[in-house]
file run_25.tsv (TSV, C-alpha atoms)
chain	number	residue	atom	x	y	z
A	218	MET	CA	-0.76	34.68	57.31
A	219	LYS	CA	0.58	36.38	60.43
A	220	PRO	CA	-0.93	39.34	62.29
A	221	TYR	CA	0.63	42.66	61.34
A	222	ALA	CA	0.30	46.26	62.56
A	223	GLU	CA	1.98	49.38	61.16
A	224	LEU	CA	1.75	52.88	62.59
A	225	LEU	CA	0.67	55.17	59.75
A	226	GLU	CA	0.11	58.53	61.44
A	227	PHE	CA	0.09	60.27	64.80
A	228	ASN	CA	-0.96	63.80	65.64
A	229	GLN	CA	1.38	66.55	64.52
A	230	PRO	CA	1.22	70.33	65.06
A	231	ASN	CA	-0.63	72.48	62.59
A	232	PRO	CA	1.93	73.95	60.11
A	233	ILE	CA	-0.60	76.37	58.60
A	234	ARG	CA	-0.16	79.92	59.89
A	235	LYS	CA	-3.39	81.69	59.08
A	236	THR	CA	-3.39	85.38	60.02
A	237	GLY	CA	-5.18	85.91	63.31
A	238	PHE	CA	-5.00	82.26	64.35
A	239	THR	CA	-1.45	81.78	65.66
A	240	ARG	CA	-1.64	83.41	69.10
A	241	ILE	CA	-1.21	80.28	71.23
A	242	ARG	CA	1.47	78.71	69.04
A	243	ASP	CA	3.41	81.98	69.04
A	244	ALA	CA	3.20	82.19	72.84
A	245	PHE	CA	4.24	78.59	73.53
A	246	ASP	CA	7.28	77.66	71.46
A	247	GLY	CA	7.61	74.35	73.28
A	248	LEU	CA	4.56	72.99	71.48
A	249	SER	CA	6.74	72.51	68.39
A	250	GLU	CA	9.56	70.59	70.04
A	251	HIS	CA	11.07	67.94	67.76
A	252	LEU	CA	10.78	64.30	68.72
A	253	ILE	CA	13.89	62.18	68.27
A	254	LEU	CA	12.89	58.64	67.34
A	255	VAL	CA	15.27	55.74	67.77
A	256	HIS	CA	13.71	53.05	65.58
A	257	LYS	CA	13.92	52.68	61.81
A	258	SER	CA	11.00	53.38	59.51
A	259	PRO	CA	10.55	50.18	57.46
A	260	ALA	CA	7.51	51.55	55.63
A	261	LEU	CA	9.73	54.29	54.18
A	262	GLY	CA	12.83	52.16	53.81
A	263	LEU	CA	14.77	54.87	55.64
A	264	SER	CA	16.33	55.28	59.04
A	265	THR	CA	14.78	57.81	61.39
A	266	GLU	CA	17.90	59.96	61.11
A	267	SER	CA	17.59	60.21	57.33
A	268	VAL	CA	13.86	60.95	57.61
A	269	ASN	CA	14.61	63.73	60.08
A	270	ALA	CA	17.24	65.15	57.76
A	271	SER	CA	15.01	64.97	54.68
A	272	TYR	CA	11.69	66.05	56.13
A	273	GLY	CA	12.63	68.29	59.04
A	274	GLY	CA	11.98	65.70	61.74
A	275	PHE	CA	8.87	64.72	63.68
A	276	LYS	CA	7.20	66.95	66.22
A	277	ASN	CA	6.76	65.59	69.75
A	278	PRO	CA	3.09	64.51	69.91
A	279	GLU	CA	3.16	64.48	73.71
A	280	ARG	CA	3.64	68.24	73.91
A	281	ILE	CA	-0.05	68.90	73.23
A	282	ILE	CA	-0.97	66.29	75.88
A	283	GLU	CA	1.21	68.02	78.47
A	284	PHE	CA	-0.06	71.44	77.39
A	285	ALA	CA	-3.69	70.35	77.81
A	286	GLY	CA	-3.02	68.85	81.23
A	287	ARG	CA	-1.10	71.87	82.47
A	288	TRP	CA	-3.78	74.26	81.24
A	289	ASP	CA	-6.14	72.85	83.90
A	290	TYR	CA	-4.01	74.87	86.33
A	291	GLY	CA	-3.87	78.03	84.27
A	292	GLU	CA	-1.42	79.91	82.07
A	293	LYS	CA	1.32	80.10	84.70
A	294	ASN	CA	1.48	76.33	84.86
A	295	ALA	CA	1.28	76.00	81.07
A	296	ARG	CA	4.41	78.19	80.84
A	297	LYS	CA	6.31	75.33	82.50
A	298	LEU	CA	5.89	73.19	79.38
A	299	GLY	CA	8.66	70.59	79.25
A	300	GLU	CA	9.65	70.83	82.91
A	301	THR	CA	9.80	67.69	85.03
A	302	VAL	CA	8.11	67.30	88.42
A	303	THR	CA	9.11	65.54	91.63
A	304	GLU	CA	7.71	62.08	92.33
A	305	LYS	CA	8.32	61.16	95.98
A	306	GLY	CA	6.98	57.61	95.78
A	307	GLY	CA	5.48	55.35	93.16
A	308	ILE	CA	7.28	53.29	90.57
A	309	THR	CA	9.92	55.85	89.60
A	310	PRO	CA	10.69	58.31	92.43
A	311	GLY	CA	12.65	61.38	91.43
A	312	GLN	CA	12.20	63.85	88.59
A	313	ILE	CA	9.66	62.55	86.08
A	314	PRO	CA	7.70	64.00	83.12
A	315	ILE	CA	4.45	65.54	84.30
A	316	ILE	CA	2.35	63.23	82.08
A	317	GLN	CA	3.59	60.28	84.14
A	318	LYS	CA	2.62	62.19	87.28
A	319	TYR	CA	-0.90	62.75	85.96
A	320	LEU	CA	-1.28	59.06	85.12
A	321	SER	CA	0.02	57.91	88.51
A	322	MET	CA	-2.72	60.09	90.06
A	323	GLY	CA	-5.38	58.48	87.87
A	324	HIS	CA	-5.83	61.51	85.60
A	325	GLU	CA	-6.04	60.33	81.97
A	326	SER	CA	-8.33	62.79	80.18
A	327	MET	CA	-5.46	64.87	78.77
A	328	ILE	CA	-3.98	61.93	76.84
A	329	GLU	CA	-7.13	61.91	74.70
A	330	MET	CA	-5.48	64.87	72.93
A	331	GLY	CA	-3.11	62.44	71.20
A	332	TRP	CA	-4.13	59.92	68.56
A	333	ALA	CA	-2.63	57.30	66.26
A	334	THR	CA	-3.72	55.49	63.10
A	335	PHE	CA	-2.65	51.92	62.29
A	336	PHE	CA	-2.93	49.64	59.29
A	337	ILE	CA	-3.84	46.20	60.67
A	338	GLU	CA	-3.90	42.76	59.10
A	339	CYS	CA	-5.37	39.91	61.14
A	340	SER	CA	-7.99	37.17	61.13
A	341	ARG	CA	-11.67	37.98	61.43
A	342	VAL	CA	-11.58	36.35	64.87
A	343	VAL	CA	-9.41	39.24	66.07
A	344	SER	CA	-11.10	41.97	64.00
A	345	HIS	CA	-14.44	41.03	65.61
A	346	GLU	CA	-12.82	41.67	68.99
A	347	LEU	CA	-11.15	44.90	67.89
A	348	VAL	CA	-14.34	46.58	66.68
A	349	ARG	CA	-15.88	46.12	70.13
A	350	HIS	CA	-13.69	49.05	71.20
A	351	ARG	CA	-16.33	51.58	70.25
A	352	LEU	CA	-14.30	54.74	70.90
A	353	ALA	CA	-12.05	53.89	67.95
A	354	SER	CA	-12.80	54.45	64.26
A	355	TYR	CA	-12.45	51.75	61.62
A	356	GLN	CA	-12.44	51.27	57.86
A	357	GLN	CA	-12.35	47.54	57.13
A	358	GLU	CA	-11.96	45.46	54.00
A	359	SER	CA	-15.45	44.38	52.93
A	360	GLN	CA	-16.15	40.81	51.84
A	361	ARG	CA	-19.13	42.18	49.92
A	362	PHE	CA	-16.96	44.20	47.59
A	363	VAL	CA	-13.61	42.38	47.65
A	364	LYS	CA	-13.45	39.25	45.50
A	365	TYR	CA	-11.25	36.34	46.61
A	366	ASP	CA	-11.43	34.52	43.29
A	367	ASP	CA	-7.63	34.50	42.98
A	368	ALA	CA	-6.79	34.22	46.68
A	369	GLU	CA	-3.82	32.04	47.60
A	370	PHE	CA	-4.35	29.62	50.47
A	371	GLU	CA	-1.13	30.45	52.35
A	372	ASP	CA	-1.78	34.20	52.43
A	373	THR	CA	-5.49	34.06	53.17
A	374	PHE	CA	-5.93	32.16	56.45
A	375	TYR	CA	-4.55	32.34	59.98
A	376	THR	CA	-3.59	29.11	61.75
A	377	PRO	CA	-2.89	29.29	65.50
A	378	ASP	CA	0.62	28.40	66.59
A	379	GLY	CA	1.32	24.95	67.97
A	380	MET	CA	-1.25	23.08	65.92
A	381	SER	CA	1.42	20.90	64.28
A	382	ASP	CA	2.08	19.35	67.69
A	383	VAL	CA	-1.54	18.39	68.36
A	384	GLU	CA	-2.70	15.01	67.05
A	385	THR	CA	-6.36	14.29	66.36
A	386	TYR	CA	-8.27	11.22	65.21
A	387	SER	CA	-10.74	12.25	62.55
A	388	PRO	CA	-12.84	9.64	60.74
A	389	SER	CA	-13.65	12.04	57.94
A	390	ASP	CA	-14.17	11.77	54.22
A	391	LEU	CA	-11.67	14.62	53.87
A	392	VAL	CA	-8.72	13.12	55.74
A	393	GLY	CA	-9.55	9.43	56.13
A	394	ASP	CA	-9.62	7.21	59.22
A	395	THR	CA	-6.20	8.12	60.48
A	396	SER	CA	-4.31	10.15	63.02
A	397	VAL	CA	-3.52	13.65	61.75
A	398	THR	CA	-2.25	16.89	63.23
A	399	ALA	CA	-4.56	19.72	64.14
A	400	LYS	CA	-2.77	21.90	61.57
A	401	GLU	CA	-3.68	19.41	58.86
A	402	GLU	CA	-7.28	19.57	60.03
A	403	PHE	CA	-7.20	23.37	59.90
A	404	ASP	CA	-5.59	23.40	56.46
A	405	SER	CA	-8.07	20.88	55.10
A	406	ALA	CA	-11.06	22.90	56.33
A	407	TYR	CA	-9.63	26.16	54.99
A	408	SER	CA	-8.82	24.66	51.61
A	409	TYR	CA	-12.29	23.19	51.28
A	410	ALA	CA	-13.97	26.48	52.22
A	411	LEU	CA	-11.88	28.44	49.71
A	412	THR	CA	-12.57	25.88	46.99
A	413	VAL	CA	-16.32	26.09	47.61
A	414	TYR	CA	-16.14	29.89	47.53
A	415	LYS	CA	-14.32	29.86	44.18
A	416	ASN	CA	-16.78	27.32	42.77
A	417	LEU	CA	-19.68	29.52	43.80
A	418	ARG	CA	-18.05	32.56	42.21
A	419	GLU	CA	-17.46	30.65	38.97
A	420	SER	CA	-21.20	29.91	39.01
A	421	SER	CA	-21.88	33.67	39.11
A	422	VAL	CA	-22.80	33.77	42.80
A	423	ALA	CA	-22.22	37.31	44.12
A	424	PRO	CA	-19.36	37.86	46.60
A	425	GLN	CA	-21.82	38.99	49.28
A	426	ILE	CA	-23.51	35.56	49.09
A	427	ALA	CA	-20.45	33.38	48.47
A	428	ARG	CA	-18.72	34.84	51.53
A	429	TYR	CA	-21.01	32.88	53.85
A	430	VAL	CA	-18.77	29.83	53.43
A	431	LEU	CA	-15.59	31.65	54.49
A	432	PRO	CA	-14.32	30.89	58.04
A	433	ASN	CA	-13.34	33.21	60.89
A	434	ALA	CA	-9.71	32.45	60.10
A	435	MET	CA	-10.01	34.51	56.90
A	436	ARG	CA	-7.55	37.39	56.61
A	437	THR	CA	-8.94	40.89	56.87
A	438	ARG	CA	-7.27	44.30	56.63
A	439	LEU	CA	-8.37	47.52	58.22
A	440	VAL	CA	-7.30	51.05	59.14
A	441	MET	CA	-7.92	51.92	62.78
A	442	THR	CA	-7.69	55.28	64.55
A	443	ALA	CA	-8.05	55.89	68.28
A	444	ASN	CA	-6.98	58.50	70.79
A	445	ILE	CA	-4.12	57.54	73.08
A	446	ARG	CA	-6.35	57.06	76.12
A	447	GLU	CA	-8.32	54.45	74.14
A	448	TRP	CA	-5.11	52.83	72.84
A	449	ARG	CA	-3.93	52.70	76.46
A	450	HIS	CA	-7.16	50.96	77.47
A	451	ILE	CA	-6.96	48.52	74.54
A	452	LEU	CA	-3.33	47.64	75.27
A	453	ARG	CA	-3.97	47.06	78.99
A	454	LEU	CA	-6.61	44.48	78.09
A	455	ARG	CA	-5.24	42.92	74.92
A	456	LEU	CA	-1.64	42.41	76.05
A	457	ASP	CA	-2.74	40.32	79.00
A	458	LYS	CA	-2.06	36.57	78.87
A	459	SER	CA	-5.82	35.93	79.00
A	460	ALA	CA	-6.31	37.64	75.61
A	461	GLN	CA	-6.53	35.73	72.32
A	462	PRO	CA	-2.93	34.72	71.41
A	463	GLU	CA	-3.19	36.28	67.95
A	464	MET	CA	-4.49	39.48	69.56
A	465	GLN	CA	-1.56	39.51	71.98
A	466	GLU	CA	0.88	39.23	69.07
A	467	LEU	CA	-0.86	42.02	67.17
A	468	MET	CA	-1.07	44.37	70.16
A	469	GLN	CA	2.59	43.79	70.99
A	470	GLN	CA	3.40	45.23	67.56
A	471	VAL	CA	1.10	48.21	68.24
A	472	TYR	CA	2.72	48.79	71.63
A	473	ASP	CA	6.29	48.51	70.31
A	474	GLN	CA	5.61	51.30	67.81
A	475	LEU	CA	3.46	53.57	69.98
A	476	ILE	CA	5.84	53.52	72.94
A	477	GLU	CA	8.48	55.26	70.81
A	478	VAL	CA	6.28	58.27	70.07
A	479	PHE	CA	4.11	58.33	73.23
A	480	PRO	CA	6.53	57.02	75.92
A	481	ASN	CA	4.97	58.99	78.76
A	482	ALA	CA	1.31	58.65	77.77
A	483	LEU	CA	1.78	54.86	77.76
A	484	TYR	CA	3.55	54.92	81.14
A	485	GLY	CA	2.79	51.75	83.12
A	486	ILE	CA	1.78	49.61	80.13
A	487	PRO	CA	1.56	46.66	80.06
A	488	THR	CA	0.20	46.07	83.57
A	489	GLY	CA	-1.57	42.75	83.10
A	490	GLU	CA	-5.26	43.60	83.41
A	491	ARG	CA	-7.49	40.66	82.57
A	492	SER	CA	-8.81	40.73	79.03
A	493	VAL	CA	-12.45	40.69	77.96
A	494	ARG	CA	-14.30	38.62	75.39
call {"tool": "encode", "arguments": {"input": "run_25.tsv", "output": "structure tokens"}}
result
Amino acid sequence: MKPYAELLEFNQPNPIRKTGFTRIRDAFDGLSEHLILVHKSPALGLSTESVNASYGGFKNPERIIEFAGRWDYGEKNARKLGETVTEKGGITPGQIPIIQKYLSMGHESMIEMGWATFFIECSRVVSHELVRHRLASYQQESQRFVKYDDAEFEDTFYTPDGMSDVETYSPSDLVGDTSVTAKEEFDSAYSYALTVYKNLRESSVAPQIARYVLPNAMRTRLVMTANIREWRHILRLRLDKSAQPEMQELMQQVYDQLIEVFPNALYGIPTGERSVR
């Protein structure tokens, strides 16, 4: 099992035009600007170009972020929607999108107006770390309700990279008095745990009790939603080299997809902040 993240949704403009509730959208046409994506959409099996042609394209989710930030300075400033601003110093001097200007000044509240939802598959080691980000929302596969009676070993557990190159000496009833690789140790422990779980289930032990024997390496799947300011915070921490390697791999997938739809709101990521437990 390898960590996996797929972007499912990000905020899009309201297409419903209810009488009496269209004043702002009518006044600011730029809020509905189309976003041109450059990557393919593997979940749909279609290229972005064909999706745009078939479904009318994606709306730029950063427009509402810029609109919110500009509105701090009143309607006159909001009328400049889409205009660049001058950056005299910093990382990229010259004409830059105003969202990058806000972020370079330390202003991040407006990027909370954007959000994204991901489907995530990872070990429970990493999911335990993810749910510590309390400003996000989660719906996670429950070991109380999901039965692993027919689970296949290869698809059910995560083994850290490099374990085949680590030799251990383990005088154990499971592997014998011999030199083995760390991966073999991992696999042996996982296989034993899964076998015990299945034996318990065959003896009519409820999933919520049998699950106590399952290790942290067990696969879990969840749907996670967070606003872009929170995603920015998560990525700054979890892409750092001090983060759990599996978490780094997972968050790289999140970043690679988010940067295509929120390129300015994720300006300056990754920056290498030290991770947390």
call {"tool": "closest_residue", "arguments": {"input": "run_25.tsv", "among": "A:Tyr484, A:Trp288, A:Trp332, A:Tyr409", "to": "Ile313 of chain A", "atoms": "all atoms listed in the file"}}
result
A:Tyr484
call {"tool": "atom_distance", "arguments": {"input": "run_25.tsv", "atom1": "atom CA of Met441 of chain A", "atom2": "atom CA of Ser354 of chain A"}}
result
5.7 Å
call {"tool": "atom_distance", "arguments": {"input": "run_25.tsv", "atom1": "atom CA of Lys293 of chain A", "atom2": "atom CA of Ile316 of chain A"}}
result
17.1 Å
call {"tool": "residues_around", "arguments": {"input": "run_25.tsv", "residues": "Leu411 of chain A", "least_positions_apart": "2", "cutoff": "8 Å", "atoms": "only C-alpha atoms", "output": "NGL selection string"}}
result
:A and (370 or 407-409 or 413-415 or 430-431)
call {"tool": "atom_distance", "arguments": {"input": "run_25.tsv", "atom1": "atom CA of Thr373 of chain A", "atom2": "atom CA of Ser340 of chain A"}}
result
8.9 Å
call {"tool": "residues_around", "arguments": {"input": "run_25.tsv", "residues": "Gln317 of chain A", "least_positions_apart": "3", "cutoff": "10 Å", "atoms": "only C-alpha atoms", "output": "count of residues only"}}
result
19
call {"tool": "residues_around", "arguments": {"input": "run_25.tsv", "residues": "Pro424 of chain A", "least_positions_apart": "5", "cutoff": "8 Å", "atoms": "all atoms listed in the file", "output": "PDB file with C-alpha atoms, keeping the file's coordinate frame"}}
result
ATOM      1  CA  GLN A 360     -16.150  40.810  51.840  1.00  0.00           C
ATOM      2  CA  ARG A 361     -19.130  42.180  49.920  1.00  0.00           C
ATOM      3  CA  PHE A 362     -16.960  44.200  47.590  1.00  0.00           C
ATOM      4  CA  VAL A 363     -13.610  42.380  47.650  1.00  0.00           C
ATOM      5  CA  LYS A 364     -13.450  39.250  45.500  1.00  0.00           C
ATOM      6  CA  ARG A 418     -18.050  32.560  42.210  1.00  0.00           C
TER       7      ARG A 418
END
call {"tool": "closest_residue", "arguments": {"input": "run_25.tsv", "among": "A:Asp378, A:Trp448, A:Tyr472, A:Met435", "to": "Ser359 of chain A", "atoms": "all atoms listed in the file"}}
result
A:Met435
call {"tool": "residues_near_point", "arguments": {"input": "run_25.tsv", "point": "(-5.6, 44.3, 63.6)", "cutoff": "10 Å", "atoms": "only C-alpha atoms", "output": "count of residues only"}}
result
30
call {"tool": "closest_residue", "arguments": {"input": "run_25.tsv", "among": "A:Leu224, A:Ala285, A:Leu352, A:Leu417", "to": "Ala443 of chain A", "atoms": "all atoms listed in the file"}}
result
A:Leu352
